[in-house]
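The data block below is run_33.cif; it holds mmCIF, C-alpha atoms.
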```cif
data_coords
loop_
_atom_site.group_PDB
_atom_site.id
_atom_site.type_symbol
_atom_site.label_atom_id
_atom_site.label_comp_id
_atom_site.auth_asym_id
_atom_site.auth_seq_id
_atom_site.Cartn_x
_atom_site.Cartn_y
_atom_site.Cartn_z
ATOM 1 C CA MET V 309 -10.055 25.686 68.508
ATOM 2 C CA LYS V 310 -9.167 25.299 72.184
ATOM 3 C CA ALA V 311 -10.776 28.669 72.916
ATOM 4 C CA ALA V 312 -14.008 27.487 71.305
ATOM 5 C CA GLU V 313 -13.890 24.266 73.309
ATOM 6 C CA ALA V 314 -13.611 26.424 76.448
ATOM 7 C CA GLY V 315 -16.665 28.446 75.372
ATOM 8 C CA ILE V 316 -14.647 31.511 74.352
ATOM 9 C CA TRP V 317 -15.853 32.943 71.041
ATOM 10 C CA LYS V 318 -14.414 36.477 71.115
ATOM 11 C CA SER V 319 -10.888 37.754 71.619
ATOM 12 C CA SER V 320 -12.172 40.255 74.191
ATOM 13 C CA GLU V 321 -13.515 37.384 76.300
ATOM 14 C CA LEU V 322 -10.171 35.564 76.198
ATOM 15 C CA ARG V 323 -8.364 38.804 77.043
ATOM 16 C CA ARG V 324 -10.676 39.311 80.044
ATOM 17 C CA ARG V 325 -10.089 35.760 81.291
ATOM 18 C CA LEU V 326 -6.336 36.115 80.862
ATOM 19 C CA ALA V 327 -6.452 39.348 82.892
ATOM 20 C CA GLU V 328 -8.399 37.550 85.638
ATOM 21 C CA ALA V 329 -5.631 34.928 85.675
ATOM 22 C CA GLY V 330 -2.964 37.630 86.020
ATOM 23 C CA LEU V 331 -1.888 38.159 82.409
ATOM 24 C CA GLU V 332 -2.582 41.697 81.185
ATOM 25 C CA ILE V 333 -1.994 41.950 77.443
ATOM 26 C CA SER V 334 -2.646 44.771 74.996
ATOM 27 C CA ALA V 335 -5.533 44.732 72.559
ATOM 28 C CA GLY V 336 -3.011 44.646 69.704
ATOM 29 C CA LYS V 337 -1.217 41.593 71.054
ATOM 30 C CA MET V 338 -4.544 39.864 71.685
ATOM 31 C CA SER V 339 -5.614 40.630 68.128
ATOM 32 C CA GLY V 340 -2.395 39.083 66.837
ATOM 33 C CA TRP V 341 -2.904 35.945 68.902
ATOM 34 C CA TRP V 342 -6.527 35.652 67.814
ATOM 35 C CA THR V 343 -6.208 36.298 64.069
ATOM 36 C CA THR V 344 -2.765 34.970 63.128
ATOM 37 C CA THR V 345 -0.306 32.290 64.124
ATOM 38 C CA PRO V 346 2.137 33.884 66.586
ATOM 39 C CA THR V 347 5.797 33.317 65.773
ATOM 40 C CA THR V 348 6.822 33.500 69.435
ATOM 41 C CA ILE V 349 5.218 33.318 72.847
ATOM 42 C CA ARG V 350 6.733 33.721 76.289
ATOM 43 C CA LEU V 351 6.621 30.549 78.352
ATOM 44 C CA ASP V 352 5.001 32.436 81.244
ATOM 45 C CA ASP V 353 2.244 33.619 78.892
ATOM 46 C CA LEU V 354 1.830 30.086 77.551
ATOM 47 C CA ASP V 355 1.356 28.756 81.093
ATOM 48 C CA VAL V 356 -1.430 31.255 81.802
ATOM 49 C CA LEU V 357 -3.045 30.651 78.418
ATOM 50 C CA CYS V 358 -3.078 26.891 79.001
ATOM 51 C CA SER V 359 -4.524 27.406 82.478
ATOM 52 C CA VAL V 360 -7.349 29.582 81.139
ATOM 53 C CA LEU V 361 -8.116 27.216 78.253
ATOM 54 C CA GLY V 362 -7.742 24.063 80.353
ATOM 55 C CA CYS V 363 -5.232 22.468 78.003
ATOM 56 C CA GLN V 364 -1.583 21.491 77.663
ATOM 57 C CA PRO V 365 1.077 23.372 75.634
ATOM 58 C CA THR V 366 1.123 20.496 73.134
ATOM 59 C CA ASP V 367 -2.536 21.239 72.388
ATOM 60 C CA LEU V 368 -1.572 24.744 71.210
ATOM 61 C CA LEU V 369 1.900 24.347 69.704
ATOM 62 C CA VAL V 370 2.476 22.794 66.295
ATOM 63 C CA CYS V 371 5.836 21.364 65.278
ATOM 64 C CA GLU V 372 6.899 22.683 61.844
ATOM 65 C CA PRO V 373 10.192 20.982 60.864
ATOM 66 C CA ASP V 374 9.840 22.136 57.231
ATOM 67 C CA LYS V 375 9.984 25.777 58.313
ATOM 68 C CA VAL V 376 13.086 25.058 60.397
ATOM 69 C CA ALA V 377 14.776 23.512 57.372
ATOM 70 C CA GLU V 378 13.860 26.582 55.276
ATOM 71 C CA ARG V 379 15.487 28.906 57.827
ATOM 72 C CA ALA V 380 18.715 26.905 58.060
ATOM 73 C CA PRO V 381 21.607 28.689 56.325
ATOM 74 C CA LYS V 382 22.484 27.203 52.977
ATOM 75 C CA ALA V 383 26.162 26.505 52.291
ATOM 76 C CA ARG V 384 27.381 28.558 49.328
ATOM 77 C CA THR V 385 30.103 27.186 47.155
ATOM 78 C CA GLU V 386 32.046 28.538 44.192
ATOM 79 C CA ALA V 387 30.240 26.126 41.886
ATOM 80 C CA THR V 388 26.796 27.494 42.696
ATOM 81 C CA THR V 389 27.582 31.197 43.094
ATOM 82 C CA GLY V 390 30.393 31.670 40.604
ATOM 83 C CA GLY V 391 32.798 33.003 43.226
ATOM 84 C CA PRO V 392 34.317 32.267 46.599
ATOM 85 C CA ALA V 393 32.039 31.624 49.541
ATOM 86 C CA ILE V 394 31.309 34.772 51.540
ATOM 87 C CA THR V 395 31.296 34.531 55.303
ATOM 88 C CA PRO V 396 29.896 37.520 57.214
ATOM 89 C CA ARG V 397 32.013 38.946 60.017
ATOM 90 C CA LEU V 398 29.982 39.253 63.180
ATOM 91 C CA GLY V 399 30.791 41.288 66.237
ATOM 92 C CA ARG V 400 33.143 44.249 66.520
ATOM 93 C CA ASN V 401 35.518 43.373 63.708
ATOM 94 C CA ARG V 402 34.158 46.125 61.479
ATOM 95 C CA SER V 403 36.287 48.659 59.693
ATOM 96 C CA GLU V 404 36.244 52.299 60.738
ATOM 97 C CA PRO V 405 33.971 54.671 58.808
ATOM 98 C CA PRO V 406 35.629 57.145 56.411
ATOM 99 C CA ALA V 407 36.908 60.373 57.935
#
```

Once you've parsed the file, please lay out its structure as structure tokens.
Amino acid sequence: MKAAEAGIWKSSELRRRLAEAGLEISAGKMSGWWTTTPTTIRLDDLDVLCSVLGCQPTDLLVCEPDKVAERAPKARTEATTGGPAITPRLGRNRSEPPA
């Protein structure tokens, strides 16, 4: 939407303008930005993108609290799983492989 407001109708045009502003990105990354909703973006890239489009980060970013709630770990209890709660061991506390 912001690209259209800036008169940019093709991903190649946005890629060219980003390159002029100092942000060289691959055709694959540009395609991902153009056709899907990116899951992450570097803040430096966001600054250049906002500069090229003449907008603020809040014009491009959408808050999705429902997705955050979906990703939050669910507490497992014996009542819901039929057994004791399992807690993964993180780090280097792994057992040795068999000999």

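Contact shell of stretch 359-366 of chain V at 7 Å (all atoms listed in the file; same-chain neighbours under 6 positions omitted): Lys310, Ala311, Ala314, Arg325 and Leu326 of chain V.
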
Report the distance between atom CA of V:Lys337 and atom CA of V:Ala312 in Å, rounded to one decimal place.
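So the two atoms, atom CA of V:Lys337 and atom CA of V:Ala312, lie 19.0 Å apart.
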
Would you mind reading off the distance between atom CA of V:Ser334 and atom CA of V:Val376, one decimal, in Å?
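Between these atoms lies a distance of 29.1 Å.
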
When you draw a straight line from atom CA of V:Ala327 to atom CA of V:Ser339, how long is it in Å?
14.8 Å

Evaluate the PyMOL selection byres ((chain V and resi 323) around 12) and record the selected residues as a ChimeraX atom specification, following the chain and residue labels used in the document.
/V:311,316-322,324-342,353,356-357,360-361

Can you give me N, CA and C atoms for stretch 332-351 of chain V, written as a PDB file, keeping the file's coordinate frame?
```pdb
ATOM      1  N   GLU V 332      -2.045  40.509  81.858  1.00  0.00           N
ATOM      2  CA  GLU V 332      -2.582  41.697  81.185  1.00  0.00           C
ATOM      3  C   GLU V 332      -1.864  41.845  79.852  1.00  0.00           C
ATOM      4  N   ILE V 333      -2.602  41.756  78.757  1.00  0.00           N
ATOM      5  CA  ILE V 333      -1.994  41.950  77.443  1.00  0.00           C
ATOM      6  C   ILE V 333      -2.742  43.042  76.692  1.00  0.00           C
ATOM      7  N   SER V 334      -2.047  43.676  75.758  1.00  0.00           N
ATOM      8  CA  SER V 334      -2.646  44.771  74.996  1.00  0.00           C
ATOM      9  C   SER V 334      -3.667  44.227  74.000  1.00  0.00           C
ATOM     10  N   ALA V 335      -4.538  45.116  73.562  1.00  0.00           N
ATOM     11  CA  ALA V 335      -5.533  44.732  72.559  1.00  0.00           C
ATOM     12  C   ALA V 335      -4.847  44.320  71.258  1.00  0.00           C
ATOM     13  N   GLY V 336      -3.747  44.987  70.917  1.00  0.00           N
ATOM     14  CA  GLY V 336      -3.011  44.646  69.704  1.00  0.00           C
ATOM     15  C   GLY V 336      -2.406  43.255  69.760  1.00  0.00           C
ATOM     16  N   LYS V 337      -1.808  42.920  70.896  1.00  0.00           N
ATOM     17  CA  LYS V 337      -1.217  41.593  71.054  1.00  0.00           C
ATOM     18  C   LYS V 337      -2.308  40.529  71.027  1.00  0.00           C
ATOM     19  N   MET V 338      -3.435  40.814  71.678  1.00  0.00           N
ATOM     20  CA  MET V 338      -4.544  39.864  71.685  1.00  0.00           C
ATOM     21  C   MET V 338      -5.069  39.654  70.273  1.00  0.00           C
ATOM     22  N   SER V 339      -5.156  40.729  69.513  1.00  0.00           N
ATOM     23  CA  SER V 339      -5.614  40.630  68.128  1.00  0.00           C
ATOM     24  C   SER V 339      -4.675  39.751  67.312  1.00  0.00           C
ATOM     25  N   GLY V 340      -3.372  39.912  67.532  1.00  0.00           N
ATOM     26  CA  GLY V 340      -2.395  39.083  66.837  1.00  0.00           C
ATOM     27  C   GLY V 340      -2.523  37.616  67.189  1.00  0.00           C
ATOM     28  N   TRP V 341      -2.725  37.336  68.469  1.00  0.00           N
ATOM     29  CA  TRP V 341      -2.904  35.945  68.902  1.00  0.00           C
ATOM     30  C   TRP V 341      -4.164  35.352  68.290  1.00  0.00           C
ATOM     31  N   TRP V 342      -5.217  36.149  68.225  1.00  0.00           N
ATOM     32  CA  TRP V 342      -6.527  35.652  67.814  1.00  0.00           C
ATOM     33  C   TRP V 342      -6.617  35.442  66.306  1.00  0.00           C
ATOM     34  N   THR V 343      -6.005  36.333  65.515  1.00  0.00           N
ATOM     35  CA  THR V 343      -6.208  36.298  64.069  1.00  0.00           C
ATOM     36  C   THR V 343      -5.077  35.654  63.282  1.00  0.00           C
ATOM     37  N   THR V 344      -3.894  35.542  63.861  1.00  0.00           N
ATOM     38  CA  THR V 344      -2.765  34.970  63.128  1.00  0.00           C
ATOM     39  C   THR V 344      -2.073  33.912  63.977  1.00  0.00           C
ATOM     40  N   THR V 345      -1.118  33.249  63.385  1.00  0.00           N
ATOM     41  CA  THR V 345      -0.306  32.290  64.124  1.00  0.00           C
ATOM     42  C   THR V 345       0.897  33.036  64.683  1.00  0.00           C
ATOM     43  N   PRO V 346       0.994  33.161  66.013  1.00  0.00           N
ATOM     44  CA  PRO V 346       2.137  33.884  66.586  1.00  0.00           C
ATOM     45  C   PRO V 346       3.445  33.159  66.283  1.00  0.00           C
ATOM     46  N   THR V 347       4.496  33.935  66.026  1.00  0.00           N
ATOM     47  CA  THR V 347       5.797  33.317  65.773  1.00  0.00           C
ATOM     48  C   THR V 347       6.517  32.999  67.073  1.00  0.00           C
ATOM     49  N   THR V 348       6.215  33.751  68.128  1.00  0.00           N
ATOM     50  CA  THR V 348       6.822  33.500  69.435  1.00  0.00           C
ATOM     51  C   THR V 348       5.783  33.709  70.524  1.00  0.00           C
ATOM     52  N   ILE V 349       6.047  33.098  71.666  1.00  0.00           N
ATOM     53  CA  ILE V 349       5.218  33.318  72.847  1.00  0.00           C
ATOM     54  C   ILE V 349       6.088  33.060  74.070  1.00  0.00           C
ATOM     55  N   ARG V 350       5.964  33.913  75.054  1.00  0.00           N
ATOM     56  CA  ARG V 350       6.733  33.721  76.289  1.00  0.00           C
ATOM     57  C   ARG V 350       6.180  32.501  77.020  1.00  0.00           C
ATOM     58  N   LEU V 351       7.057  31.749  77.643  1.00  0.00           N
ATOM     59  CA  LEU V 351       6.621  30.549  78.352  1.00  0.00           C
ATOM     60  C   LEU V 351       5.676  30.883  79.497  1.00  0.00           C
TER      61      LEU V 351
END
```
